[in-house]
$ cat coords_16.cif   # mmCIF, C-alpha atoms
data_input
loop_
_atom_site.label_atom_id
_atom_site.label_comp_id
_atom_site.auth_asym_id
_atom_site.auth_seq_id
_atom_site.Cartn_x
_atom_site.Cartn_y
_atom_site.Cartn_z
CA MET A 1 278.19 -153.31 -144.99
CA ALA A 2 277.47 -154.21 -141.43
CA GLY A 3 275.72 -152.01 -138.92
CA LEU A 4 277.92 -151.15 -135.96
CA GLY A 5 276.45 -150.67 -132.53
CA GLY A 6 273.03 -149.63 -131.33
CA GLY A 7 269.82 -151.54 -130.85
CA GLU A 8 266.65 -151.86 -132.88
CA LEU A 9 263.37 -150.48 -131.55
CA MET A 10 260.09 -151.84 -132.88
CA GLY A 11 258.42 -149.14 -134.96
CA ALA A 12 261.33 -146.75 -134.46
CA ARG A 13 262.41 -144.09 -136.87
CA ARG A 14 265.84 -145.26 -137.93
CA PHE A 15 268.81 -143.01 -138.56
CA ALA A 16 272.51 -143.75 -139.02
CA VAL A 17 275.93 -142.34 -139.70
CA VAL A 18 277.61 -143.78 -142.79
CA GLY A 19 281.15 -143.57 -144.10
CA SER A 20 284.44 -145.42 -144.19
CA PRO A 21 286.01 -145.76 -141.72
CA VAL A 22 283.07 -145.07 -139.43
CA GLY A 23 283.85 -147.06 -136.28
CA HIS A 24 285.39 -144.01 -134.60
CA SER A 25 282.41 -141.71 -135.27
CA LEU A 26 280.96 -139.91 -132.26
CA SER A 27 277.71 -139.13 -134.08
CA PRO A 28 275.84 -141.97 -132.30
CA VAL A 29 276.87 -140.50 -128.94
CA LEU A 30 275.74 -137.02 -129.97
CA HIS A 31 272.40 -138.08 -131.42
CA ARG A 32 271.51 -140.61 -128.71
CA THR A 33 272.34 -138.07 -126.02
CA ALA A 34 269.96 -135.63 -127.68
CA TYR A 35 267.23 -138.28 -127.81
CA ALA A 36 267.66 -138.96 -124.10
CA VAL A 37 267.65 -135.29 -123.06
CA LEU A 38 264.65 -134.51 -125.27
CA GLY A 39 262.75 -137.58 -124.07
CA ILE A 40 262.42 -139.06 -127.56
CA THR A 41 262.09 -142.84 -127.33
CA ASP A 42 260.93 -143.95 -130.78
CA VAL A 43 264.23 -143.27 -132.57
CA ASP A 44 267.23 -145.49 -133.28
CA TYR A 45 270.67 -144.33 -134.48
CA VAL A 46 273.50 -146.66 -135.55
CA ARG A 47 276.65 -146.81 -137.66
CA HIS A 48 277.08 -148.41 -141.08
CA GLU A 49 280.37 -148.89 -142.90
CA VAL A 50 279.78 -147.67 -146.46
CA ARG A 51 282.76 -147.47 -148.78
CA ALA A 52 283.29 -145.00 -151.62
CA GLY A 53 280.92 -145.62 -154.53
CA SER A 54 278.57 -147.78 -152.43
CA LEU A 55 276.13 -145.25 -151.01
CA GLU A 56 273.45 -145.52 -153.70
CA ASP A 57 273.43 -149.31 -153.49
CA PHE A 58 273.34 -149.16 -149.69
CA LEU A 59 270.25 -146.95 -149.81
CA ALA A 60 268.46 -148.85 -152.57
CA ARG A 61 269.23 -152.48 -151.70
CA GLY A 62 271.05 -152.52 -148.36
CA PRO A 63 270.21 -151.56 -144.77
CA GLY A 64 269.68 -148.00 -145.94
CA LYS A 65 266.25 -148.99 -147.25
CA GLU A 66 264.98 -148.80 -143.68
CA LEU A 67 266.49 -145.43 -142.81
CA SER A 68 264.62 -142.15 -142.47
CA GLY A 69 267.82 -140.13 -142.62
CA LEU A 70 271.60 -140.27 -142.51
CA SER A 71 274.61 -138.38 -141.26
CA VAL A 72 277.19 -138.76 -144.03
CA THR A 73 280.94 -138.69 -143.43
CA MET A 74 283.72 -139.09 -145.96
CA PRO A 75 284.03 -140.50 -148.51
CA GLY A 76 280.27 -140.35 -149.11
CA LYS A 77 279.58 -136.60 -149.06
CA PRO A 78 279.88 -136.01 -152.83
CA GLU A 79 277.75 -139.11 -153.48
CA ALA A 80 275.10 -137.93 -151.04
CA PHE A 81 274.81 -134.68 -152.96
CA ALA A 82 274.76 -136.38 -156.35
CA LEU A 83 271.94 -138.83 -155.61
CA ALA A 84 269.58 -136.35 -153.95
CA ALA A 85 266.43 -135.14 -155.66
CA GLU A 86 266.41 -131.95 -153.57
CA VAL A 87 269.32 -130.02 -152.07
CA ASP A 88 269.73 -127.05 -149.76
CA ALA A 89 271.65 -123.93 -150.75
CA THR A 90 274.90 -124.87 -149.00
CA SER A 91 275.01 -128.33 -150.57
CA ARG A 92 274.36 -126.80 -153.97
CA ALA A 93 277.19 -124.31 -153.56
CA LEU A 94 279.74 -126.90 -152.37
CA GLU A 95 278.40 -129.98 -154.22
CA VAL A 96 278.81 -132.07 -151.05
CA ALA A 97 276.27 -132.99 -148.36
CA ASN A 98 276.62 -134.38 -144.86
CA THR A 99 272.92 -135.07 -144.30
CA LEU A 100 270.29 -137.06 -146.21
CA LEU A 101 266.58 -136.95 -145.35
CA ARG A 102 264.06 -139.32 -146.91
CA ARG A 103 261.19 -137.46 -148.56
CA GLU A 104 257.60 -138.70 -148.65
CA ASP A 105 258.05 -140.05 -152.17
CA GLY A 106 261.10 -142.08 -151.12
CA THR A 107 263.67 -139.80 -152.74
CA TRP A 108 266.29 -137.91 -150.75
CA ARG A 109 266.90 -134.32 -149.68
CA ALA A 110 270.55 -133.38 -149.17
CA GLU A 111 271.69 -130.79 -146.68
CA ASN A 112 275.10 -129.51 -145.64
CA HIS A 113 275.56 -128.47 -142.01
CA ASP A 114 279.35 -128.61 -141.89
CA VAL A 115 279.57 -124.90 -142.68
CA HIS A 116 277.17 -124.05 -139.87
CA GLY A 117 279.23 -126.20 -137.50
CA ILE A 118 282.38 -124.25 -138.31
CA VAL A 119 280.69 -120.85 -138.01
CA ALA A 120 279.05 -121.74 -134.70
CA ALA A 121 282.25 -123.17 -133.20
CA LEU A 122 284.20 -120.06 -134.14
CA GLY A 123 281.43 -117.87 -132.75
CA ASP A 124 281.58 -119.69 -129.42
CA HIS A 125 285.20 -118.55 -129.16
CA GLY A 126 284.67 -114.92 -129.97
CA ALA A 127 284.87 -114.76 -133.77
CA ARG A 128 283.17 -111.65 -135.10
CA PRO A 129 281.95 -110.74 -138.59
CA GLY A 130 284.39 -109.15 -141.01
CA GLY A 131 288.16 -108.97 -140.89
CA THR A 132 290.44 -111.64 -142.28
CA GLY A 133 290.20 -115.41 -142.30
CA ALA A 134 292.66 -118.14 -143.17
CA VAL A 135 292.53 -121.80 -144.14
CA LEU A 136 295.29 -124.39 -143.94
CA GLY A 137 294.72 -127.29 -146.32
CA SER A 138 293.11 -127.86 -149.70
CA GLY A 139 290.55 -130.69 -149.48
CA ALA A 140 286.78 -130.87 -149.07
CA THR A 141 286.91 -129.72 -145.46
CA ALA A 142 289.02 -126.74 -146.50
CA LEU A 143 286.33 -125.75 -149.02
CA SER A 144 283.70 -125.88 -146.25
CA ALA A 145 286.05 -123.74 -144.17
CA VAL A 146 286.22 -121.11 -146.91
CA ALA A 147 282.42 -121.13 -147.14
CA ALA A 148 282.22 -120.62 -143.38
CA LEU A 149 284.58 -117.66 -143.52
CA LEU A 150 282.46 -116.11 -146.26
CA GLU A 151 279.37 -116.62 -144.10
CA LEU A 152 281.21 -114.78 -141.33
CA GLY A 153 281.70 -111.91 -143.75
CA VAL A 154 285.48 -111.83 -143.91
CA ASP A 155 286.97 -109.37 -146.37
CA THR A 156 290.17 -111.30 -147.08
CA VAL A 157 290.92 -115.03 -147.13
CA LEU A 158 294.46 -116.34 -146.70
CA LEU A 159 295.07 -119.78 -148.22
CA SER A 160 298.03 -122.09 -147.69
CA ALA A 161 298.57 -125.73 -148.62
CA ARG A 162 301.46 -128.04 -149.34
CA SER A 163 300.06 -128.67 -152.84
CA ALA A 164 299.51 -125.08 -153.96
CA GLU A 165 297.92 -126.15 -157.24
CA LYS A 166 294.98 -127.57 -155.27
CA LEU A 167 294.11 -124.12 -153.93
CA SER A 168 292.54 -122.97 -157.20
CA VAL A 169 289.09 -124.35 -156.35
CA LEU A 170 289.14 -122.67 -152.94
CA GLU A 171 290.40 -119.40 -154.40
CA GLU A 172 287.71 -119.32 -157.10
CA PHE A 173 285.00 -120.07 -154.54
CA ALA A 174 286.20 -117.28 -152.23
CA VAL A 175 286.40 -114.76 -155.07
CA ARG A 176 282.87 -115.63 -156.22
CA GLY A 177 281.80 -114.98 -152.64
CA GLY A 178 283.21 -111.46 -152.79
CA ALA A 179 286.42 -111.91 -150.80
CA GLU A 180 289.96 -110.94 -151.69
CA VAL A 181 292.32 -113.93 -151.69
CA GLN A 182 295.97 -114.04 -150.73
CA ARG A 183 298.02 -117.20 -151.09
CA VAL A 184 300.56 -117.83 -148.36
CA PRO A 185 303.56 -119.90 -149.56
CA TRP A 186 303.82 -123.20 -147.73
CA ASP A 187 307.26 -122.40 -146.37
CA ARG A 188 305.65 -119.38 -144.63
CA HIS A 189 302.47 -121.13 -143.45
CA HIS A 190 302.84 -119.60 -139.97
CA GLU A 191 301.75 -116.29 -141.50
CA VAL A 192 298.14 -117.50 -141.63
CA LEU A 193 298.11 -116.87 -137.87
CA GLU A 194 297.95 -113.16 -138.63
CA ALA A 195 294.26 -113.62 -139.53
CA ASP A 196 291.34 -112.98 -137.20
CA CYS A 197 289.98 -116.49 -137.77
CA VAL A 198 292.14 -119.45 -138.76
CA ILE A 199 290.83 -122.89 -139.68
CA SER A 200 293.16 -125.85 -139.95
CA ALA A 201 291.73 -128.55 -142.21
CA LEU A 202 294.95 -130.56 -142.17
CA ALA A 203 295.02 -134.29 -141.52
CA ILE A 204 296.98 -135.50 -138.51
CA ALA A 205 300.26 -136.23 -140.31
CA GLY A 206 300.40 -132.82 -141.98
CA ALA A 207 299.33 -131.08 -138.79
CA ARG A 208 302.14 -132.71 -136.81
CA ALA A 209 304.72 -131.57 -139.37
CA VAL A 210 303.43 -127.99 -139.34
CA ALA A 211 303.17 -127.95 -135.54
CA GLY A 212 306.80 -128.99 -135.26
CA GLN A 213 307.85 -126.06 -137.43
CA TRP A 214 305.66 -123.62 -135.53
CA HIS A 215 307.01 -124.85 -132.21
CA ALA A 216 310.57 -124.34 -133.42
CA ARG A 217 310.00 -120.66 -134.20
CA SER A 218 311.08 -118.06 -131.67
CA SER A 219 307.75 -116.25 -132.03
CA LEU A 220 304.40 -116.71 -133.76
CA PRO A 221 301.68 -114.27 -134.79
CA ARG A 222 298.60 -114.62 -132.62
CA ALA A 223 295.34 -115.35 -134.42
CA GLY A 224 292.04 -114.11 -133.05
CA VAL A 225 290.87 -117.75 -132.85
CA LEU A 226 292.09 -121.03 -134.33
CA LEU A 227 289.65 -123.82 -135.14
CA ASP A 228 291.39 -127.17 -135.59
CA VAL A 229 289.04 -129.69 -137.19
CA LEU A 230 290.93 -132.52 -135.45
CA TYR A 231 289.79 -133.62 -132.00
CA ASP A 232 291.15 -137.11 -131.31
CA PRO A 233 293.64 -137.08 -129.73
CA TRP A 234 293.18 -133.68 -128.12
CA PRO A 235 294.83 -131.29 -127.99
CA ALA A 236 295.55 -131.62 -131.69
CA PRO A 237 299.10 -130.65 -132.76
CA LEU A 238 298.40 -127.13 -134.05
CA ALA A 239 295.90 -126.39 -131.32
CA ALA A 240 298.49 -127.33 -128.72
CA VAL A 241 301.09 -124.91 -130.11
CA VAL A 242 298.63 -122.02 -130.38
CA SER A 243 297.16 -122.68 -126.94
CA GLU A 244 300.63 -122.78 -125.34
CA ALA A 245 301.29 -119.39 -126.91
CA GLY A 246 298.16 -117.98 -125.27
CA GLY A 247 295.89 -118.14 -128.30
CA GLU A 248 292.16 -118.94 -128.39
CA VAL A 249 291.41 -122.43 -129.71
CA ALA A 250 288.26 -124.26 -130.82
CA ASP A 251 288.21 -127.95 -131.64
CA GLY A 252 286.58 -130.15 -134.24
CA LEU A 253 284.34 -131.77 -131.65
CA GLU A 254 282.60 -128.46 -131.11
CA MET A 255 282.15 -128.16 -134.87
CA LEU A 256 280.76 -131.72 -135.02
CA THR A 257 278.30 -131.04 -132.20
CA HIS A 258 276.94 -127.89 -133.81
CA GLN A 259 276.40 -129.62 -137.15
CA ALA A 260 274.68 -132.50 -135.31
CA ASP A 261 272.37 -129.90 -133.75
CA MET A 262 271.21 -128.87 -137.23
CA GLN A 263 270.87 -132.48 -138.35
CA LEU A 264 268.63 -133.23 -135.39
CA ARG A 265 266.46 -130.24 -136.18
CA SER A 266 265.98 -131.50 -139.73
CA MET A 267 265.61 -135.18 -138.83
CA LEU A 268 263.22 -134.79 -135.89
CA GLY A 269 261.64 -131.39 -136.40
CA VAL A 270 262.83 -130.13 -133.00
CA PRO A 271 263.50 -126.39 -132.54
CA GLU A 272 267.02 -127.03 -131.24
CA ALA A 273 269.17 -129.80 -129.83
CA PRO A 274 270.78 -129.86 -126.36
CA VAL A 275 274.24 -128.86 -127.58
CA VAL A 276 275.83 -128.47 -124.13
CA GLN A 277 274.83 -131.97 -123.02
CA MET A 278 275.78 -133.49 -126.37
CA LEU A 279 279.25 -131.97 -126.30
CA ALA A 280 279.81 -133.08 -122.70
CA ALA A 281 278.79 -136.66 -123.56
CA ALA A 282 281.13 -136.72 -126.57
CA ARG A 283 284.03 -135.45 -124.46
CA ARG A 284 283.38 -138.16 -121.88
CA GLU A 285 283.39 -140.78 -124.63
CA LEU A 286 286.69 -139.45 -125.95
CA ALA A 287 288.18 -139.54 -122.44
CA ARG A 288 287.08 -143.16 -121.99
CA GLY A 289 288.65 -144.08 -125.33
CA ALA A 290 291.90 -142.42 -124.35
CA ALA A 291 291.91 -144.24 -121.01
CA ASP A 292 291.34 -147.55 -122.78
CA ARG A 293 294.23 -146.90 -125.15
CA TRP A 294 296.58 -146.21 -122.24
CA ALA A 295 295.31 -149.09 -120.06
#
$ encode --input "coords_16.cif" --output "structure tokens"
Amino acid sequence: MAGLGGGELMGARRFAVVGSPVGHSLSPVLHRTAYAVLGITDVDYVRHEVRAGSLEDFLARGPGKELSGLSVTMPGKPEAFALAAEVDATSRALEVANTLLRREDGTWRAENHDVHGIVAALGDHGARPGGTGAVLGSGATALSAVAALLELGVDTVLLSARSAEKLSVLEEFAVRGGAEVQRVPWDRHHEVLEADCVISALAIAGARAVAGQWHARSSLPRAGVLLDVLYDPWPAPLAAVVSEAGGEVADGLEMLTHQADMQLRSMLGVPEAPVVQMLAAARRELARGAADRWA
């Protein structure tokens, strides 16, 4: 489990992003940009490759022993929740966490800021409380998407996934949150675009397949706003189709930046992070990566 990137500052508070794969993560760019803008010099933030089932060992006997807090990506989010001695309300509801904070007694507090990231990104693009929301996909990110729609106060949630049997968890969660649920058959997945807010939690392969079918249609409903959790490469397949049709689109990098804002507040005790500068730095990093790939 090797650390990837970053330096070590004597006496620094040490933070990291962990997951597998983690080499592509833009969290170091986001957090280090915030440190620079805020003038914080006694903090270090790196990457660590931590495979599924290895998080507890990493924290107890590996480099994690020296960390004050972590950003947790997949596949470690359920593990982060399970090993924590204290959890916030969102983590408890979803049973996954994307943030770990070391407490004074050495145990961990788990927090989930993914839901906030989704809500804030949608809000930046005009999403308003109430109405209808829709989610494409059925995994852990899709569950966070449903939670975000409930936080936005939607009355009805449309759900669609290739494996319809996997929608039961999302449906039960939405119903417990007070929303009506309507399943959209996968062969009519374009109908989710009738919602006021649409969140695609599809991986790249599935998104490309769906985008091809949407592109082939003579007309598409127009959603109020589509958030595509993908951001590299950008535009993502579904975002490209919706944008070409004149729809409003938010990307996963905006979501990531907003959740990093909340992580920084918890990790450093700052009132807010410089979201605009963080997002700009992450976009520049993405552009450099794209240029390198095409060089």
$ atom_distance --input "coords_16.cif" --atom1 "CA of Trp234 in chain A" --atom2 "CA of Val46 in chain A"
24.7 Å
$ residues_around --input "coords_16.cif" --residues "Ala93 in chain A" --least-positions-apart "3" --cutoff "10 Å" --atoms "only C-alpha atoms" --output "list in words"
Val87, Asp88, Ala89, Thr90, Val96, Asn112, Ser144, Ala147 and Phe173 of chain A
$ resolve_selection --input "coords_16.cif" --expression "the PyMOL selection byres ((chain A and resi 209) around 12)" --output "list in words"
Arg162, Trp186, Asp187, His189, Leu202, Ala203, Ile204, Ala205, Gly206, Ala207, Arg208, Val210, Ala211, Gly212, Gln213, Trp214, His215, Ala216, Ala236, Pro237, Leu238 and Val241 of chain A
$ residues_near_point --input "coords_16.cif" --point "(290.8, -122.3, -138.0)" --cutoff "7 Å" --atoms "only C-alpha atoms" --output "PyMOL selection string"
chain A and resi 134-135+197-200+225-228
$ closest_residue --input "coords_16.cif" --among "A:Leu94, A:Pro28, A:Gly126, A:Arg14" --to "Ser68 in chain A" --atoms "all atoms listed in the file"
A:Arg14
$ closest_atom_pairs --input "coords_16.cif" --of "range 53-93 of chain A" --to "range 247-263 of chain A" --cutoff "12 Å" --atoms "all atoms listed in the file" --output "Markdown table"
| residue | atom | partner | partner_atom | distance |
| --- | --- | --- | --- | --- |
| A:Gly69 | CA | A:Gln263 | CA | 9.3 |
| A:Leu70 | CA | A:Gln263 | CA | 8.9 |
| A:Ser71 | CA | A:Gln263 | CA | 7.6 |
| A:Val72 | CA | A:Gln263 | CA | 10.6 |
| A:Thr73 | CA | A:Leu256 | CA | 10.9 |
$ atom_distance --input "coords_16.cif" --atom1 "CA of Ala34 in chain A" --atom2 "CA of Gly19 in chain A"
21.4 Å
$ closest_residue --input "coords_16.cif" --among "A:Gly177, A:Arg13, A:Ala82, A:Pro21" --to "Thr41 in chain A" --atoms "only C-alpha atoms"
A:Arg13
$ closest_residue --input "coords_16.cif" --among "A:Ala179, A:Leu152, A:Leu143, A:Ala36" --to "Leu167 in chain A" --atoms "all atoms listed in the file"
A:Leu143
$ atom_distance --input "coords_16.cif" --atom1 "CA of Ala16 in chain A" --atom2 "CA of Val119 in chain A"
24.3 Å
$ decode --input "coords_16.cif" --residues "range 105-130 of chain A" --atoms "N, CA, C and O atoms" --output "mmCIF file, in the first residue's frame"
data_model
loop_
_atom_site.group_PDB
_atom_site.id
_atom_site.type_symbol
_atom_site.label_atom_id
_atom_site.label_comp_id
_atom_site.auth_asym_id
_atom_site.auth_seq_id
_atom_site.Cartn_x
_atom_site.Cartn_y
_atom_site.Cartn_z
ATOM 1 N N ASP A 105 -9.403 10.108 21.162
ATOM 2 C CA ASP A 105 -9.046 8.819 21.760
ATOM 3 C C ASP A 105 -8.476 7.834 20.740
ATOM 4 O O ASP A 105 -8.233 6.670 21.060
ATOM 5 N N GLY A 106 -8.247 8.295 19.510
ATOM 6 C CA GLY A 106 -7.664 7.448 18.480
ATOM 7 C C GLY A 106 -8.666 6.692 17.637
ATOM 8 O O GLY A 106 -8.292 6.078 16.628
ATOM 9 N N THR A 107 -9.937 6.691 18.035
ATOM 10 C CA THR A 107 -10.966 6.050 17.221
ATOM 11 C C THR A 107 -11.394 7.013 16.116
ATOM 12 O O THR A 107 -10.915 8.142 16.025
ATOM 13 N N TRP A 108 -12.327 6.554 15.279
ATOM 14 C CA TRP A 108 -12.673 7.308 14.076
ATOM 15 C C TRP A 108 -14.128 7.766 14.059
ATOM 16 O O TRP A 108 -15.016 7.043 14.527
ATOM 17 N N ARG A 109 -14.339 8.946 13.522
ATOM 18 C CA ARG A 109 -15.682 9.444 13.221
ATOM 19 C C ARG A 109 -15.881 9.364 11.718
ATOM 20 O O ARG A 109 -15.022 9.815 10.937
ATOM 21 N N ALA A 110 -16.997 8.797 11.296
ATOM 22 C CA ALA A 110 -17.320 8.676 9.876
ATOM 23 C C ALA A 110 -18.361 9.718 9.479
ATOM 24 O O ALA A 110 -19.333 9.956 10.214
ATOM 25 N N GLU A 111 -18.132 10.330 8.337
ATOM 26 C CA GLU A 111 -19.085 11.281 7.785
ATOM 27 C C GLU A 111 -19.310 10.968 6.313
ATOM 28 O O GLU A 111 -18.443 10.403 5.646
ATOM 29 N N ASN A 112 -20.477 11.353 5.820
ATOM 30 C CA ASN A 112 -20.787 11.180 4.401
ATOM 31 C C ASN A 112 -21.149 12.539 3.817
ATOM 32 O O ASN A 112 -22.147 13.140 4.211
ATOM 33 N N HIS A 113 -20.311 13.014 2.885
ATOM 34 C CA HIS A 113 -20.566 14.300 2.240
ATOM 35 C C HIS A 113 -20.896 14.153 0.755
ATOM 36 O O HIS A 113 -21.019 15.154 0.045
ATOM 37 N N ASP A 114 -21.035 12.911 0.295
ATOM 38 C CA ASP A 114 -21.413 12.688 -1.097
ATOM 39 C C ASP A 114 -22.793 13.276 -1.394
ATOM 40 O O ASP A 114 -23.023 13.860 -2.453
ATOM 41 N N VAL A 115 -23.721 13.091 -0.452
ATOM 42 C CA VAL A 115 -25.083 13.587 -0.663
ATOM 43 C C VAL A 115 -25.075 15.108 -0.771
ATOM 44 O O VAL A 115 -25.713 15.686 -1.663
ATOM 45 N N HIS A 116 -24.345 15.761 0.117
ATOM 46 C CA HIS A 116 -24.226 17.218 0.034
ATOM 47 C C HIS A 116 -23.649 17.634 -1.314
ATOM 48 O O HIS A 116 -24.104 18.616 -1.919
ATOM 49 N N GLY A 117 -22.633 16.918 -1.787
ATOM 50 C CA GLY A 117 -22.017 17.256 -3.065
ATOM 51 C C GLY A 117 -23.014 17.221 -4.209
ATOM 52 O O GLY A 117 -23.004 18.101 -5.083
ATOM 53 N N ILE A 118 -23.872 16.220 -4.205
ATOM 54 C CA ILE A 118 -24.892 16.106 -5.257
ATOM 55 C C ILE A 118 -25.896 17.245 -5.162
ATOM 56 O O ILE A 118 -26.230 17.901 -6.161
ATOM 57 N N VAL A 119 -26.392 17.495 -3.949
ATOM 58 C CA VAL A 119 -27.387 18.548 -3.750
ATOM 59 C C VAL A 119 -26.832 19.909 -4.169
ATOM 60 O O VAL A 119 -27.487 20.686 -4.867
ATOM 61 N N ALA A 120 -25.593 20.196 -3.755
ATOM 62 C CA ALA A 120 -24.994 21.492 -4.062
ATOM 63 C C ALA A 120 -24.750 21.650 -5.561
ATOM 64 O O ALA A 120 -24.975 22.732 -6.125
ATOM 65 N N ALA A 121 -24.278 20.591 -6.217
ATOM 66 C CA ALA A 121 -24.037 20.669 -7.661
ATOM 67 C C ALA A 121 -25.336 20.903 -8.422
ATOM 68 O O ALA A 121 -25.386 21.715 -9.360
ATOM 69 N N LEU A 122 -26.391 20.213 -8.039
ATOM 70 C CA LEU A 122 -27.686 20.432 -8.682
ATOM 71 C C LEU A 122 -28.178 21.856 -8.434
ATOM 72 O O LEU A 122 -28.699 22.517 -9.340
ATOM 73 N N GLY A 123 -27.995 22.336 -7.195
ATOM 74 C CA GLY A 123 -28.425 23.688 -6.863
ATOM 75 C C GLY A 123 -27.710 24.747 -7.677
ATOM 76 O O GLY A 123 -28.301 25.756 -8.062
ATOM 77 N N ASP A 124 -26.436 24.506 -7.963
ATOM 78 C CA ASP A 124 -25.666 25.452 -8.777
ATOM 79 C C ASP A 124 -26.251 25.590 -10.180
ATOM 80 O O ASP A 124 -25.996 26.586 -10.872
ATOM 81 N N HIS A 125 -26.998 24.587 -10.611
ATOM 82 C CA HIS A 125 -27.563 24.592 -11.965
ATOM 83 C C HIS A 125 -29.076 24.780 -11.966
ATOM 84 O O HIS A 125 -29.752 24.417 -12.936
ATOM 85 N N GLY A 126 -29.580 25.339 -10.880
ATOM 86 C CA GLY A 126 -30.974 25.762 -10.884
ATOM 87 C C GLY A 126 -31.974 24.802 -10.303
ATOM 88 O O GLY A 126 -33.183 25.070 -10.373
ATOM 89 N N ALA A 127 -31.532 23.678 -9.731
ATOM 90 C CA ALA A 127 -32.488 22.745 -9.126
ATOM 91 C C ALA A 127 -33.193 23.412 -7.954
ATOM 92 O O ALA A 127 -32.574 24.105 -7.150
ATOM 93 N N ARG A 128 -34.486 23.191 -7.868
ATOM 94 C CA ARG A 128 -35.295 23.782 -6.809
ATOM 95 C C ARG A 128 -35.983 22.686 -6.005
ATOM 96 O O ARG A 128 -36.203 21.582 -6.513
ATOM 97 N N PRO A 129 -36.338 22.968 -4.762
ATOM 98 C CA PRO A 129 -37.010 21.944 -3.940
ATOM 99 C C PRO A 129 -38.323 21.487 -4.555
ATOM 100 O O PRO A 129 -39.006 22.237 -5.255
ATOM 101 N N GLY A 130 -38.666 20.229 -4.270
ATOM 102 C CA GLY A 130 -39.929 19.677 -4.729
ATOM 103 C C GLY A 130 -39.845 19.089 -6.120
ATOM 104 O O GLY A 130 -38.766 18.930 -6.689
#
